[in-house]
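To start, the structure under review is shown below, and the notes come after it.
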Amino acid sequence: MKNAKRYRTLDSWLRSRHGEKVQKIPLDAGSGCPNRDGTLGSGGCTFCNAAGSGPGRPCESFRQQWEYWRARLARSPRTRNVKRYLGYIQSFTNTYGPASRLAALLGELEGLPGLAGACVGTRPDCVDEEKMALMAAVPWPEFWLELGVQSCRDDTLARINRGHSASDAEKAVRLAAAYGVKTCVHLMAGLPGESGEDFLDTVRWTASLPVQGVKLHNLYVPQGTALEREWKNGGYRPMEQEEYVELAARALTLLPSSVVMHRITADPAPGELVAPGWAMDKGITVMHIDRLMAYNDWWQGKDCDAKDADPFL
């Protein structure tokens with residue numbers, strides 16, 4: 001029987017490494033962002049809201065947040081037997097500021113019950129050799145640097161007010177590789193002014209870099225953002241679900257089969273979504289991607305490093 005997933009999921013990859021399910025726990029470090037505090041700009045990216053795409057519990061210590069999420073996961077039939085976790089320091093730019101702050105954040109993770117490792121979310125222009133050395137030296141068996149890259153087009157990055165260039169992203173990825181730090185790159189489909197082929201060009205560019213993981217996101221309109229204002233004024237049209245499903249499936253064929261897919265669709269927080277409505281149907285979107293890949297006999301890497309046979313059968 002064929003595997004329903006024709007790509008390398010984070011869940012299956014973690015199970016193969018740790019022998020059991022490993023669950024991410026989101027953590028909010030109360031971090032800032034140079035694109036919001038005036039250092040690079042104000043207001044942040046056009047799609048960024050006040051929560052910074054995170055869980056929104058910055059007033060609590062990591063241990064308090066950890067216990068909150070562990071108790072919540074224990075109430076779910078899908079995760080109640082999980083014993084191992086990844087601490088995902090998610091909101092805003094968690095390597096912003098001095099290296100000593102990053103060291104303190106990593107130190108706060110030590111001793112959390114069931115900790116298998118960590119993921120640190122940041123911007124490509126907020127890493128350097130000192131911070132990379134800190135991340136390379138963590139004692140846990142699992143560590144990921146999560147980089148918000150979004151696009152390889154500098155005109156798009158300027159339009160969405162990212163405040164960094166594609167060159168910054170490439171430098172950050174190569175620096176991480178030099179230090180042996182695994183990198184998960186975040187990419188967005190449906191960015192203002194971009195076509196589907198523009199997005200696939202970004203995927204091809206990403207495939208040429210030494211990345212170990214990728215997150216694919218469909219751009220949605222969150223409340224309280226510049227993108228919401230643009231959408232209301234008729235200046236932005238979100239992608240239809242069918243458009244995104246086709247692009248995500250094609251993107252998977254372009255990525256090396258070894259790359260771990262941390263996510264293949266966006267996951268809006270409750271109450272933040274303005275449009276499109278289908279973005280809340282994460283499970284349905286994933287199902288459509290899986291079905292389209294099976295129908296077309298596509299798999300991750302088919303147009304990259306695994307042209308002859310599906311490695312996920």
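Ordered as shown in the structure tokens, chains take letters A, B, and onward, while each chain numbers its residues from 1 and ligands are numbered from 1 in the order shown.
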Legend entry - Shell of 6 Å around stretch 193-209 of chain A, only C-alpha atoms, local chain residues under 3 positions omitted, as a list of chain:residue names: A:Ser151, A:Cys152, A:Ala189, A:Leu255
Any chance you could tabulate, as JSON lines, the residues of stretch 160-265 of chain A at most 8 Å from stretch 3-16 of chain A with each one's nearest atom pair and distance in Å to one decimal, using only C-alpha atoms, in chain and rising number order?
```
{"residue": "A:Leu252", "atom": "CA", "partner": "A:Tyr7", "partner_atom": "CA", "distance": 7.2}
{"residue": "A:Ser257", "atom": "CA", "partner": "A:Arg8", "partner_atom": "CA", "distance": 7.1}
{"residue": "A:Ser258", "atom": "CA", "partner": "A:Arg8", "partner_atom": "CA", "distance": 7.3}
{"residue": "A:Val259", "atom": "CA", "partner": "A:Arg8", "partner_atom": "CA", "distance": 6.9}
{"residue": "A:Val260", "atom": "CA", "partner": "A:Arg8", "partner_atom": "CA", "distance": 5.3}
{"residue": "A:Met261", "atom": "CA", "partner": "A:Thr9", "partner_atom": "CA", "distance": 5.0}
{"residue": "A:His262", "atom": "CA", "partner": "A:Leu10", "partner_atom": "CA", "distance": 5.0}
{"residue": "A:Arg263", "atom": "CA", "partner": "A:Thr9", "partner_atom": "CA", "distance": 7.7}
```
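Here atom CA of A:Thr79 stands at a distance of 9.4 Å from atom CA of A:Val22.
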Inset, instruction - Extract, using only C-alpha atoms, all DNA, RNA and protein residues at most 12 Å from A:Pro113, discarding same-chain residues fewer than 6 positions from it, and format them as JSON, numbers by chain. - result: {"A": [25, 62, 63, 64, 66, 67, 69, 70, 82, 83, 84, 85, 86, 87]}
Could the residues in this selection be saved with N, CA and C atoms as a PDB file, in the first residue's frame?
```pdb
ATOM      1  N   ILE A  25       5.922  22.847  21.260  1.00  0.00           N
ATOM      2  CA  ILE A  25       5.227  23.723  22.203  1.00  0.00           C
ATOM      3  C   ILE A  25       5.637  25.159  21.890  1.00  0.00           C
ATOM      4  N   PHE A  62       9.005  30.841  30.594  1.00  0.00           N
ATOM      5  CA  PHE A  62       8.956  29.660  29.729  1.00  0.00           C
ATOM      6  C   PHE A  62       8.366  28.463  30.470  1.00  0.00           C
ATOM      7  N   ARG A  63       8.737  28.303  31.736  1.00  0.00           N
ATOM      8  CA  ARG A  63       8.217  27.155  32.487  1.00  0.00           C
ATOM      9  C   ARG A  63       6.700  27.244  32.648  1.00  0.00           C
ATOM     10  N   GLN A  64       6.195  28.433  32.926  1.00  0.00           N
ATOM     11  CA  GLN A  64       4.737  28.588  33.048  1.00  0.00           C
ATOM     12  C   GLN A  64       4.043  28.277  31.724  1.00  0.00           C
ATOM     13  N   TRP A  66       5.226  26.432  29.335  1.00  0.00           N
ATOM     14  CA  TRP A  66       5.459  25.001  29.076  1.00  0.00           C
ATOM     15  C   TRP A  66       4.412  24.143  29.778  1.00  0.00           C
ATOM     16  N   GLU A  67       4.173  24.438  31.049  1.00  0.00           N
ATOM     17  CA  GLU A  67       3.210  23.646  31.811  1.00  0.00           C
ATOM     18  C   GLU A  67       1.779  23.877  31.304  1.00  0.00           C
ATOM     19  N   TRP A  69       0.891  24.517  28.166  1.00  0.00           N
ATOM     20  CA  TRP A  69       0.716  23.771  26.922  1.00  0.00           C
ATOM     21  C   TRP A  69       0.778  22.260  27.157  1.00  0.00           C
ATOM     22  N   ARG A  70       1.615  21.817  28.071  1.00  0.00           N
ATOM     23  CA  ARG A  70       1.649  20.371  28.350  1.00  0.00           C
ATOM     24  C   ARG A  70       0.303  19.899  28.899  1.00  0.00           C
ATOM     25  N   VAL A  82       1.990  11.971  24.480  1.00  0.00           N
ATOM     26  CA  VAL A  82       3.288  12.523  24.101  1.00  0.00           C
ATOM     27  C   VAL A  82       4.126  12.798  25.346  1.00  0.00           C
ATOM     28  N   LYS A  83       5.378  12.439  25.271  1.00  0.00           N
ATOM     29  CA  LYS A  83       6.289  12.642  26.402  1.00  0.00           C
ATOM     30  C   LYS A  83       7.490  13.523  26.046  1.00  0.00           C
ATOM     31  N   ARG A  84       7.677  13.795  24.762  1.00  0.00           N
ATOM     32  CA  ARG A  84       8.839  14.556  24.307  1.00  0.00           C
ATOM     33  C   ARG A  84       8.362  15.774  23.518  1.00  0.00           C
ATOM     34  N   TYR A  85       9.072  16.903  23.694  1.00  0.00           N
ATOM     35  CA  TYR A  85       8.607  18.170  23.122  1.00  0.00           C
ATOM     36  C   TYR A  85       9.774  18.992  22.569  1.00  0.00           C
ATOM     37  N   LEU A  86       9.430  19.812  21.583  1.00  0.00           N
ATOM     38  CA  LEU A  86      10.345  20.845  21.094  1.00  0.00           C
ATOM     39  C   LEU A  86       9.823  22.195  21.551  1.00  0.00           C
ATOM     40  N   GLY A  87      10.655  22.984  22.200  1.00  0.00           N
ATOM     41  CA  GLY A  87      10.263  24.335  22.570  1.00  0.00           C
ATOM     42  C   GLY A  87      10.471  25.274  21.397  1.00  0.00           C
TER      43      GLY A  87
END
```
Inset, instruction - Select from stretch 44-282 of chain A everything DSSP, run on the backbone, classes as helix (DSSP H, G or I), then give the selection as an MDAnalysis selection string. - result: chainID A and resid 62:74 99:109 124:126 129:136 154:159 166:179 196:207 226:232 241:254 277:280 282
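Note that the spacing between atom CA of A:Pro222 and atom CA of A:Val274 amounts to 5.5 Å.
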Inset, instruction - Excluding stretch 119-128 of chain A and residues on its chain fewer than 4 positions from it, collect all residues at most 7 Å away from it, counting only C-alpha atoms, and give them as a VMD selection string. - result: chain A and resid 86 to 90 92 to 96 132 143 to 148 164 168 to 169 172
Write a file of the just-selected residues containing N, CA and C atoms, as an mmCIF file, in the first residue's frame.
```cif
data_model
loop_
_atom_site.group_PDB
_atom_site.id
_atom_site.type_symbol
_atom_site.label_atom_id
_atom_site.label_comp_id
_atom_site.auth_asym_id
_atom_site.auth_seq_id
_atom_site.Cartn_x
_atom_site.Cartn_y
_atom_site.Cartn_z
ATOM 1 N N LEU A 86 9.430 19.812 21.583
ATOM 2 C CA LEU A 86 10.345 20.845 21.094
ATOM 3 C C LEU A 86 9.823 22.195 21.551
ATOM 4 N N GLY A 87 10.655 22.984 22.200
ATOM 5 C CA GLY A 87 10.263 24.335 22.570
ATOM 6 C C GLY A 87 10.471 25.274 21.397
ATOM 7 N N TYR A 88 9.383 25.825 20.867
ATOM 8 C CA TYR A 88 9.447 26.700 19.697
ATOM 9 C C TYR A 88 9.329 28.146 20.153
ATOM 10 N N ILE A 89 10.460 28.848 20.231
ATOM 11 C CA ILE A 89 10.463 30.271 20.591
ATOM 12 C C ILE A 89 10.059 31.022 19.330
ATOM 13 N N GLN A 90 8.808 31.457 19.289
ATOM 14 C CA GLN A 90 8.162 31.757 18.014
ATOM 15 C C GLN A 90 7.990 33.239 17.695
ATOM 16 N N PHE A 92 7.879 37.112 16.906
ATOM 17 C CA PHE A 92 8.800 38.189 16.555
ATOM 18 C C PHE A 92 10.220 37.673 16.281
ATOM 19 N N THR A 93 11.258 38.452 16.674
ATOM 20 C CA THR A 93 12.633 38.179 16.246
ATOM 21 C C THR A 93 13.473 37.797 17.454
ATOM 22 N N ASN A 94 13.667 36.505 17.650
ATOM 23 C CA ASN A 94 14.215 36.017 18.915
ATOM 24 C C ASN A 94 15.733 36.020 19.004
ATOM 25 N N THR A 95 16.412 36.399 17.913
ATOM 26 C CA THR A 95 17.860 36.608 17.998
ATOM 27 C C THR A 95 18.193 38.096 17.925
ATOM 28 N N TYR A 96 17.172 38.942 18.033
ATOM 29 C CA TYR A 96 17.391 40.389 18.019
ATOM 30 C C TYR A 96 17.975 40.824 19.360
ATOM 31 N N MET A 132 25.292 32.359 16.245
ATOM 32 C CA MET A 132 25.272 31.036 15.633
ATOM 33 C C MET A 132 26.082 30.048 16.462
ATOM 34 N N PHE A 143 17.695 20.728 17.292
ATOM 35 C CA PHE A 143 17.667 22.191 17.274
ATOM 36 C C PHE A 143 17.476 22.669 15.841
ATOM 37 N N TRP A 144 16.573 23.655 15.689
ATOM 38 C CA TRP A 144 16.297 24.252 14.381
ATOM 39 C C TRP A 144 16.299 25.775 14.492
ATOM 40 N N LEU A 145 16.940 26.415 13.520
ATOM 41 C CA LEU A 145 16.823 27.851 13.342
ATOM 42 C C LEU A 145 15.745 28.083 12.287
ATOM 43 N N GLU A 146 14.686 28.789 12.657
ATOM 44 C CA GLU A 146 13.576 29.043 11.726
ATOM 45 C C GLU A 146 13.691 30.467 11.203
ATOM 46 N N LEU A 147 13.904 30.591 9.899
ATOM 47 C CA LEU A 147 14.157 31.884 9.261
ATOM 48 C C LEU A 147 12.967 32.318 8.408
ATOM 49 N N GLY A 148 12.410 33.479 8.731
ATOM 50 C CA GLY A 148 11.373 34.061 7.887
ATOM 51 C C GLY A 148 12.004 34.679 6.656
ATOM 52 N N HIS A 164 14.666 43.448 4.889
ATOM 53 C CA HIS A 164 15.902 42.729 4.578
ATOM 54 C C HIS A 164 15.851 42.297 3.124
ATOM 55 N N ASP A 168 20.521 38.835 2.269
ATOM 56 C CA ASP A 168 20.603 38.632 3.717
ATOM 57 C C ASP A 168 20.184 37.212 4.087
ATOM 58 N N ALA A 169 19.128 36.745 3.448
ATOM 59 C CA ALA A 169 18.623 35.401 3.738
ATOM 60 C C ALA A 169 19.638 34.341 3.337
ATOM 61 N N ALA A 172 22.485 34.217 5.792
ATOM 62 C CA ALA A 172 22.118 33.602 7.064
ATOM 63 C C ALA A 172 22.073 32.082 6.937
#
```
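Taking only C-alpha atoms, the non-local environment of A:Asp154 within 9 Å (same-chain residues fewer than 6 positions away omitted) comprises A:His164, A:Ser165, A:Ala166, A:Ser167.
Counting only C-alpha atoms, the residue from A:Ser100, A:Ser61, A:Thr225, A:Gln241 that sits nearest to A:Ile160 is A:Thr225.
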Inset, instruction - as a list in words, please: all residues of stretch 103-209 of chain A that backbone DSSP puts in strand (DSSP E). - result: Leu115, Ala116, Gly117, Ala118, Cys119, Val120, Gly121, Thr122, Glu142, Phe143, Trp144, Leu145, Glu146, Leu147, Gly148, Val149, Gln150, Lys182, Thr183, Cys184, Val185, His186, Leu187, Met188 and Ala189 of chain A
Legend entry - Contact residues around A:Cys48 with only C-alpha atoms at 12 Å, ignoring same-chain residues under 2 positions, as number ranges by chain: A: 33, 35-36, 42-46, 50-54, 91-93, 148, 160-162, 219-228, 268, 272-273
Would you mind exporting N, CA and C atoms of the selected residues as an mmCIF file, in the first residue's frame?
```cif
data_model
loop_
_atom_site.group_PDB
_atom_site.id
_atom_site.type_symbol
_atom_site.label_atom_id
_atom_site.label_comp_id
_atom_site.auth_asym_id
_atom_site.auth_seq_id
_atom_site.Cartn_x
_atom_site.Cartn_y
_atom_site.Cartn_z
ATOM 1 N N CYS A 33 11.430 43.483 17.544
ATOM 2 C CA CYS A 33 11.756 43.315 16.133
ATOM 3 C C CYS A 33 12.314 44.637 15.605
ATOM 4 N N ASN A 35 12.224 45.741 12.792
ATOM 5 C CA ASN A 35 11.338 46.277 11.766
ATOM 6 C C ASN A 35 10.065 46.879 12.370
ATOM 7 N N ARG A 36 10.019 46.897 13.703
ATOM 8 C CA ARG A 36 8.863 47.481 14.392
ATOM 9 C C ARG A 36 9.264 48.611 15.344
ATOM 10 N N SER A 42 9.084 50.863 11.073
ATOM 11 C CA SER A 42 8.026 50.783 12.083
ATOM 12 C C SER A 42 6.818 50.104 11.468
ATOM 13 N N GLY A 43 6.033 49.449 12.310
ATOM 14 C CA GLY A 43 4.840 48.777 11.817
ATOM 15 C C GLY A 43 5.054 47.344 11.410
ATOM 16 N N GLY A 44 6.296 46.950 11.170
ATOM 17 C CA GLY A 44 6.581 45.571 10.805
ATOM 18 C C GLY A 44 6.154 45.231 9.393
ATOM 19 N N CYS A 45 6.199 43.940 9.086
ATOM 20 C CA CYS A 45 5.771 43.465 7.771
ATOM 21 C C CYS A 45 4.281 43.735 7.597
ATOM 22 N N THR A 46 3.854 43.866 6.361
ATOM 23 C CA THR A 46 2.452 44.233 6.108
ATOM 24 C C THR A 46 1.481 43.179 6.614
ATOM 25 N N ALA A 50 -0.125 42.388 15.941
ATOM 26 C CA ALA A 50 0.477 42.751 17.231
ATOM 27 C C ALA A 50 1.024 41.557 17.993
ATOM 28 N N ALA A 51 0.543 40.346 17.678
ATOM 29 C CA ALA A 51 1.018 39.150 18.372
ATOM 30 C C ALA A 51 2.256 38.559 17.720
ATOM 31 N N GLY A 52 2.633 39.057 16.537
ATOM 32 C CA GLY A 52 3.816 38.534 15.874
ATOM 33 C C GLY A 52 3.695 37.087 15.464
ATOM 34 N N SER A 53 2.478 36.642 15.126
ATOM 35 C CA SER A 53 2.220 35.272 14.673
ATOM 36 C C SER A 53 2.597 34.242 15.728
ATOM 37 N N GLY A 54 2.435 34.601 16.979
ATOM 38 C CA GLY A 54 2.804 33.680 18.047
ATOM 39 C C GLY A 54 1.648 33.371 18.976
ATOM 40 N N SER A 91 7.384 33.991 18.575
ATOM 41 C CA SER A 91 6.916 35.331 18.226
ATOM 42 C C SER A 91 8.053 36.311 17.959
ATOM 43 N N PHE A 92 7.879 37.112 16.906
ATOM 44 C CA PHE A 92 8.800 38.189 16.555
ATOM 45 C C PHE A 92 10.220 37.673 16.281
ATOM 46 N N THR A 93 11.258 38.452 16.674
ATOM 47 C CA THR A 93 12.633 38.179 16.246
ATOM 48 C C THR A 93 13.473 37.797 17.454
ATOM 49 N N GLY A 148 12.410 33.479 8.731
ATOM 50 C CA GLY A 148 11.373 34.061 7.887
ATOM 51 C C GLY A 148 12.004 34.679 6.656
ATOM 52 N N ILE A 160 6.347 44.357 0.884
ATOM 53 C CA ILE A 160 5.721 43.872 2.117
ATOM 54 C C ILE A 160 6.457 44.381 3.364
ATOM 55 N N ASN A 161 7.397 45.300 3.156
ATOM 56 C CA ASN A 161 8.099 45.959 4.259
ATOM 57 C C ASN A 161 8.866 44.978 5.132
ATOM 58 N N ARG A 162 9.568 44.035 4.491
ATOM 59 C CA ARG A 162 10.346 43.069 5.263
ATOM 60 C C ARG A 162 11.565 43.709 5.930
ATOM 61 N N LEU A 219 -0.390 33.053 2.056
ATOM 62 C CA LEU A 219 -0.582 34.343 2.716
ATOM 63 C C LEU A 219 -2.068 34.575 2.959
ATOM 64 N N TYR A 220 -2.429 34.828 4.221
ATOM 65 C CA TYR A 220 -3.798 35.195 4.561
ATOM 66 C C TYR A 220 -3.789 36.593 5.163
ATOM 67 N N VAL A 221 -4.962 37.170 5.296
ATOM 68 C CA VAL A 221 -5.091 38.546 5.782
ATOM 69 C C VAL A 221 -5.441 38.519 7.266
ATOM 70 N N PRO A 222 -4.508 38.908 8.157
ATOM 71 C CA PRO A 222 -4.825 38.951 9.589
ATOM 72 C C PRO A 222 -5.440 40.299 9.980
ATOM 73 N N GLN A 223 -6.187 40.285 11.049
ATOM 74 C CA GLN A 223 -6.778 41.519 11.569
ATOM 75 C C GLN A 223 -5.691 42.488 12.041
ATOM 76 N N GLY A 224 -5.976 43.779 11.858
ATOM 77 C CA GLY A 224 -5.118 44.813 12.408
ATOM 78 C C GLY A 224 -3.791 44.976 11.711
ATOM 79 N N THR A 225 -3.716 44.612 10.440
ATOM 80 C CA THR A 225 -2.459 44.702 9.699
ATOM 81 C C THR A 225 -2.598 45.651 8.513
ATOM 82 N N ALA A 226 -1.438 46.067 7.990
ATOM 83 C CA ALA A 226 -1.443 46.873 6.769
ATOM 84 C C ALA A 226 -2.030 46.088 5.607
ATOM 85 N N LEU A 227 -1.841 44.775 5.627
ATOM 86 C CA LEU A 227 -2.401 43.942 4.563
ATOM 87 C C LEU A 227 -3.931 43.960 4.616
ATOM 88 N N GLU A 228 -4.492 44.022 5.816
ATOM 89 C CA GLU A 228 -5.951 44.105 5.919
ATOM 90 C C GLU A 228 -6.457 45.392 5.274
ATOM 91 N N PRO A 268 -3.734 29.928 10.809
ATOM 92 C CA PRO A 268 -4.097 31.165 11.521
ATOM 93 C C PRO A 268 -4.492 30.900 12.967
ATOM 94 N N GLU A 272 -7.887 35.683 14.414
ATOM 95 C CA GLU A 272 -7.081 36.660 13.685
ATOM 96 C C GLU A 272 -7.402 36.718 12.190
ATOM 97 N N LEU A 273 -8.042 35.687 11.648
ATOM 98 C CA LEU A 273 -8.232 35.614 10.198
ATOM 99 C C LEU A 273 -9.342 36.545 9.719
#
```
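Interatomic distance, atom CA of A:Asp303 to atom CA of A:Pro256: 8.5 Å.
Candidate residues A:Asp308, A:Glu240, A:Asp290, A:Glu246 were compared for distance to A:Gly277, and the nearest is A:Glu240, using only C-alpha atoms.
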